[in-house]
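**Q** Below is the file final_19.pdb, with PDB, C-alpha atoms.
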ATOM      1  CA  MET A   1     -11.756 -18.063 -24.382  1.00  0.00           C
ATOM      2  CA  PHE A   2      -8.256 -16.633 -24.155  1.00  0.00           C
ATOM      3  CA  ASP A   3      -9.590 -13.126 -23.414  1.00  0.00           C
ATOM      4  CA  ALA A   4     -11.736 -14.392 -20.557  1.00  0.00           C
ATOM      5  CA  LEU A   5      -8.864 -16.397 -19.123  1.00  0.00           C
ATOM      6  CA  SER A   6      -6.456 -13.456 -19.299  1.00  0.00           C
ATOM      7  CA  GLY A   7      -9.068 -11.257 -17.617  1.00  0.00           C
ATOM      8  CA  ILE A   8      -9.433 -13.749 -14.790  1.00  0.00           C
ATOM      9  CA  PHE A   9      -5.660 -13.951 -14.330  1.00  0.00           C
ATOM     10  CA  SER A  10      -5.420 -10.159 -14.292  1.00  0.00           C
ATOM     11  CA  PHE A  11      -8.182  -9.852 -11.696  1.00  0.00           C
ATOM     12  CA  VAL A  12      -6.609 -12.467  -9.437  1.00  0.00           C
ATOM     13  CA  THR A  13      -3.175 -10.858  -9.776  1.00  0.00           C
ATOM     14  CA  VAL A  14      -4.532  -7.423  -8.873  1.00  0.00           C
ATOM     15  CA  ALA A  15      -6.496  -8.801  -5.910  1.00  0.00           C
ATOM     16  CA  VAL A  16      -3.485 -10.667  -4.532  1.00  0.00           C
ATOM     17  CA  SER A  17      -1.292  -7.613  -5.091  1.00  0.00           C
ATOM     18  CA  PHE A  18      -3.622  -5.389  -3.099  1.00  0.00           C
ATOM     19  CA  ILE A  19      -4.068  -7.940  -0.307  1.00  0.00           C
ATOM     20  CA  TYR A  20      -0.326  -8.398   0.191  1.00  0.00           C
ATOM     21  CA  GLY A  21       0.356  -4.676  -0.212  1.00  0.00           C
ATOM     22  CA  VAL A  22      -2.138  -3.888   2.540  1.00  0.00           C
ATOM     23  CA  ARG A  23      -0.621  -6.588   4.741  1.00  0.00           C
ATOM     24  CA  ILE A  24       2.918  -5.253   4.324  1.00  0.00           C
ATOM     25  CA  ALA A  25       1.856  -1.650   4.908  1.00  0.00           C
ATOM     26  CA  TRP A  26      -0.339  -2.517   7.905  1.00  0.00           C
ATOM     27  CA  ILE A  27       2.442  -4.450   9.639  1.00  0.00           C
ATOM     28  CA  CYS A  28       4.837  -1.569   8.982  1.00  0.00           C
ATOM     29  CA  GLY A  29       2.407   0.894  10.558  1.00  0.00           C
ATOM     30  CA  LYS A  30       1.783  -1.334  13.571  1.00  0.00           C
ATOM     31  CA  ARG A  31       5.531  -1.558  14.286  1.00  0.00           C
ATOM     32  CA  CYS A  32       5.996   2.234  14.362  1.00  0.00           C
ATOM     33  CA  HIS A  33       5.421   3.698  17.803  1.00  0.00           C
ATOM     34  CA  PHE A  34       5.885   7.357  18.632  1.00  0.00           C
ATOM     35  CA  GLY A  35       7.724   6.425  21.809  1.00  0.00           C
ATOM     36  CA  GLU A  36      10.625   4.984  19.803  1.00  0.00           C
ATOM     37  CA  GLN A  37      13.605   6.920  18.594  1.00  0.00           C
ATOM     38  CA  PRO A  38      13.178   8.477  15.122  1.00  0.00           C
ATOM     39  CA  GLU A  39      16.134   6.501  13.781  1.00  0.00           C
ATOM     40  CA  GLU A  40      14.387   3.206  14.547  1.00  0.00           C
ATOM     41  CA  LYS A  41      11.141   4.387  12.954  1.00  0.00           C
ATOM     42  CA  LYS A  42      13.071   5.474   9.868  1.00  0.00           C
ATOM     43  CA  HIS A  43      14.669   2.042   9.677  1.00  0.00           C
ATOM     44  CA  ILE A  44      11.264   0.328   9.851  1.00  0.00           C
ATOM     45  CA  LEU A  45       9.736   2.649   7.265  1.00  0.00           C
ATOM     46  CA  GLN A  46      12.704   2.432   4.898  1.00  0.00           C
ATOM     47  CA  GLY A  47      12.447  -1.326   4.879  1.00  0.00           C
ATOM     48  CA  ASN A  48       8.719  -1.844   4.479  1.00  0.00           C
ATOM     49  CA  HIS A  49       7.282   1.261   2.809  1.00  0.00           C
ATOM     50  CA  PRO A  50       9.050   0.719  -0.544  1.00  0.00           C
ATOM     51  CA  ALA A  51       8.071  -2.953  -0.507  1.00  0.00           C
ATOM     52  CA  ALA A  52       4.395  -2.120   0.007  1.00  0.00           C
ATOM     53  CA  ALA A  53       4.564   0.590  -2.660  1.00  0.00           C
ATOM     54  CA  ALA A  54       6.185  -1.847  -5.130  1.00  0.00           C
ATOM     55  CA  VAL A  55       3.472  -4.451  -4.589  1.00  0.00           C
ATOM     56  CA  PHE A  56       0.755  -1.808  -4.996  1.00  0.00           C
ATOM     57  CA  PHE A  57       2.546  -0.460  -8.078  1.00  0.00           C
ATOM     58  CA  PHE A  58       2.301  -3.843  -9.765  1.00  0.00           C
ATOM     59  CA  GLY A  59      -1.450  -4.032  -9.101  1.00  0.00           C
ATOM     60  CA  PHE A  60      -2.095  -0.469 -10.228  1.00  0.00           C
ATOM     61  CA  LEU A  61      -0.002  -1.079 -13.339  1.00  0.00           C
ATOM     62  CA  ILE A  62      -2.369  -3.862 -14.400  1.00  0.00           C
ATOM     63  CA  ILE A  63      -5.484  -1.804 -13.636  1.00  0.00           C
ATOM     64  CA  PHE A  64      -4.316   1.368 -15.357  1.00  0.00           C
ATOM     65  CA  SER A  65      -3.027  -0.509 -18.407  1.00  0.00           C
ATOM     66  CA  ALA A  66      -6.583  -1.717 -18.960  1.00  0.00           C
ATOM     67  CA  LEU A  67      -8.036   1.786 -18.509  1.00  0.00           C
ATOM     68  CA  PHE A  68      -5.553   4.181 -20.125  1.00  0.00           C
ATOM     69  CA  ASP A  69      -3.284   4.376 -23.152  1.00  0.00           C
ATOM     70  CA  GLY A  70       0.303   5.603 -23.080  1.00  0.00           C
ATOM     71  CA  PHE A  71       3.233   4.126 -21.212  1.00  0.00           C
ATOM     72  CA  VAL A  72       4.192   7.298 -19.330  1.00  0.00           C
ATOM     73  CA  THR A  73       0.610   7.938 -18.211  1.00  0.00           C
ATOM     74  CA  ILE A  74       0.216   4.412 -16.894  1.00  0.00           C
ATOM     75  CA  VAL A  75       3.541   4.423 -15.041  1.00  0.00           C
ATOM     76  CA  VAL A  76       3.051   7.871 -13.487  1.00  0.00           C
ATOM     77  CA  LEU A  77      -0.491   7.118 -12.340  1.00  0.00           C
ATOM     78  CA  SER A  78       0.534   3.734 -10.960  1.00  0.00           C
ATOM     79  CA  LEU A  79       3.545   5.081  -9.095  1.00  0.00           C
ATOM     80  CA  THR A  80       1.614   8.009  -7.621  1.00  0.00           C
ATOM     81  CA  SER A  81      -1.309   5.829  -6.556  1.00  0.00           C
ATOM     82  CA  ALA A  82       0.967   3.192  -5.042  1.00  0.00           C
ATOM     83  CA  ILE A  83       2.916   5.695  -2.945  1.00  0.00           C
ATOM     84  CA  LEU A  84      -0.225   7.471  -1.744  1.00  0.00           C
ATOM     85  CA  LEU A  85      -2.069   4.269  -0.879  1.00  0.00           C
ATOM     86  CA  SER A  86       0.850   2.710   0.985  1.00  0.00           C
ATOM     87  CA  THR A  87       1.436   5.913   2.955  1.00  0.00           C
ATOM     88  CA  PHE A  88      -2.251   6.154   3.808  1.00  0.00           C
ATOM     89  CA  ILE A  89      -2.443   2.560   5.055  1.00  0.00           C
ATOM     90  CA  ILE A  90       0.755   2.907   7.094  1.00  0.00           C
ATOM     91  CA  SER A  91      -0.549   6.043   8.771  1.00  0.00           C
ATOM     92  CA  MET A  92      -3.914   4.395   9.497  1.00  0.00           C
ATOM     93  CA  ALA A  93      -2.236   1.438  11.161  1.00  0.00           C
ATOM     94  CA  MET A  94      -0.046   3.467  13.518  1.00  0.00           C
ATOM     95  CA  PRO A  95      -1.319   2.898  17.063  1.00  0.00           C
ATOM     96  CA  GLU A  96      -0.912   6.503  18.180  1.00  0.00           C
ATOM     97  CA  LEU A  97      -2.980   7.855  15.305  1.00  0.00           C
ATOM     98  CA  LYS A  98      -6.029   5.724  16.097  1.00  0.00           C
ATOM     99  CA  ARG A  99      -9.042   7.610  17.327  1.00  0.00           C
ATOM    100  CA  ARG A 100      -9.899   7.011  20.950  1.00  0.00           C
ATOM    101  CA  PRO A 101     -13.039   8.190  22.692  1.00  0.00           C
ATOM    102  CA  LYS A 102     -12.489  10.866  25.314  1.00  0.00           C
ATOM    103  CA  ASP A 103     -13.128   9.925  28.924  1.00  0.00           C
ATOM    104  CA  ARG A 104     -15.957  11.847  30.529  1.00  0.00           C
TER     105      ARG A 104
END
Just dump the structure as structure tokens.
**A**
Amino acid sequence: MFDALSGIFSFVTVAVSFIYGVRIAWICGKRCHFGEQPEEKKHILQGNHPAAAAVFFFGFLIIFSALFDGFVTIVVLSLTSAILLSTFIISMAMPELKRRPKDR
């Protein structure tokens, strides 16, 4: 009973972590426009990118602790995955990087 309950709590925690991480990263990407000055874009990214990566890190930490053994392995994989995923989502959300059909 306790194992099933802890598994459910872990699944819910990971799901909520990924949902909020995507939300933070997506909003950060939407606020970055290429027409702005680089200093303003840096300010936006410095505020939101680490927050999204930290939320993703928590979710990946739970997933990788169930899959792998070793503290260093789990932390390194979680940190790398969190940074890559948050960067990927931020870059996907940037308005200027969206694909637009060419006019004919």
**Q** Quick one: of A:Val12, A:Lys42, A:Leu84, A:Phe34, who's nearest to Ile63 (chain A), counting all atoms listed in the file?
**A**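 Ranked by minimum distance to Ile63 (chain A), first place goes to A:Val12.
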**Q** List the neighbours of Ser65 (chain A) out to 12 Å using all atoms listed in the file; skip same-chain residues closer than 3 positions along the sequence, and give me the result as a list of chain:residue names.
**A**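 What passes the distance filter is A:Ser10, A:Val14, A:Phe57, A:Phe58, A:Gly59, A:Phe60, A:Leu61, A:Ile62, A:Phe68, A:Asp69, A:Gly70, A:Phe71, A:Val72, A:Thr73, A:Ile74, A:Val75, A:Val76, A:Leu77, A:Ser78.
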**Q** If I put a ball of radius 10 Å at (4.2, 4.5, 16.0) in the file's coordinates, which residues poke into it when counting all atoms listed in the file, written as JSON, numbers by chain?
**A** {"A": [28, 29, 30, 31, 32, 33, 34, 35, 36, 38, 41, 90, 91, 93, 94, 95, 96, 97]}
**Q** Could you tell me how far CA of Val16 (chain A) lies from CA of Met1 (chain A), in Å and to one decimal?
**A**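 Between CA of Val16 (chain A) and CA of Met1 (chain A) the gap is 22.7 Å.
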**Q** Tell me, in Å to one decimal, how far CA of Tyr20 (chain A) is from CA of Asp3 (chain A).
**A**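 About the pair CA of Tyr20 (chain A) and CA of Asp3 (chain A): they are 25.8 Å apart.
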**Q** Can you list, as a PyMOL selection string, the residues that the PyMOL selection byres ((chain A and resi 54) around 12) selects here?
**A** chain A and resi 17-18+20-22+24-25+47-53+55-61+78-86
**Q** Work out how far CA of Trp26 (chain A) is from CA of Met92 (chain A), in Å to one decimal.
**A** 7.9 Å
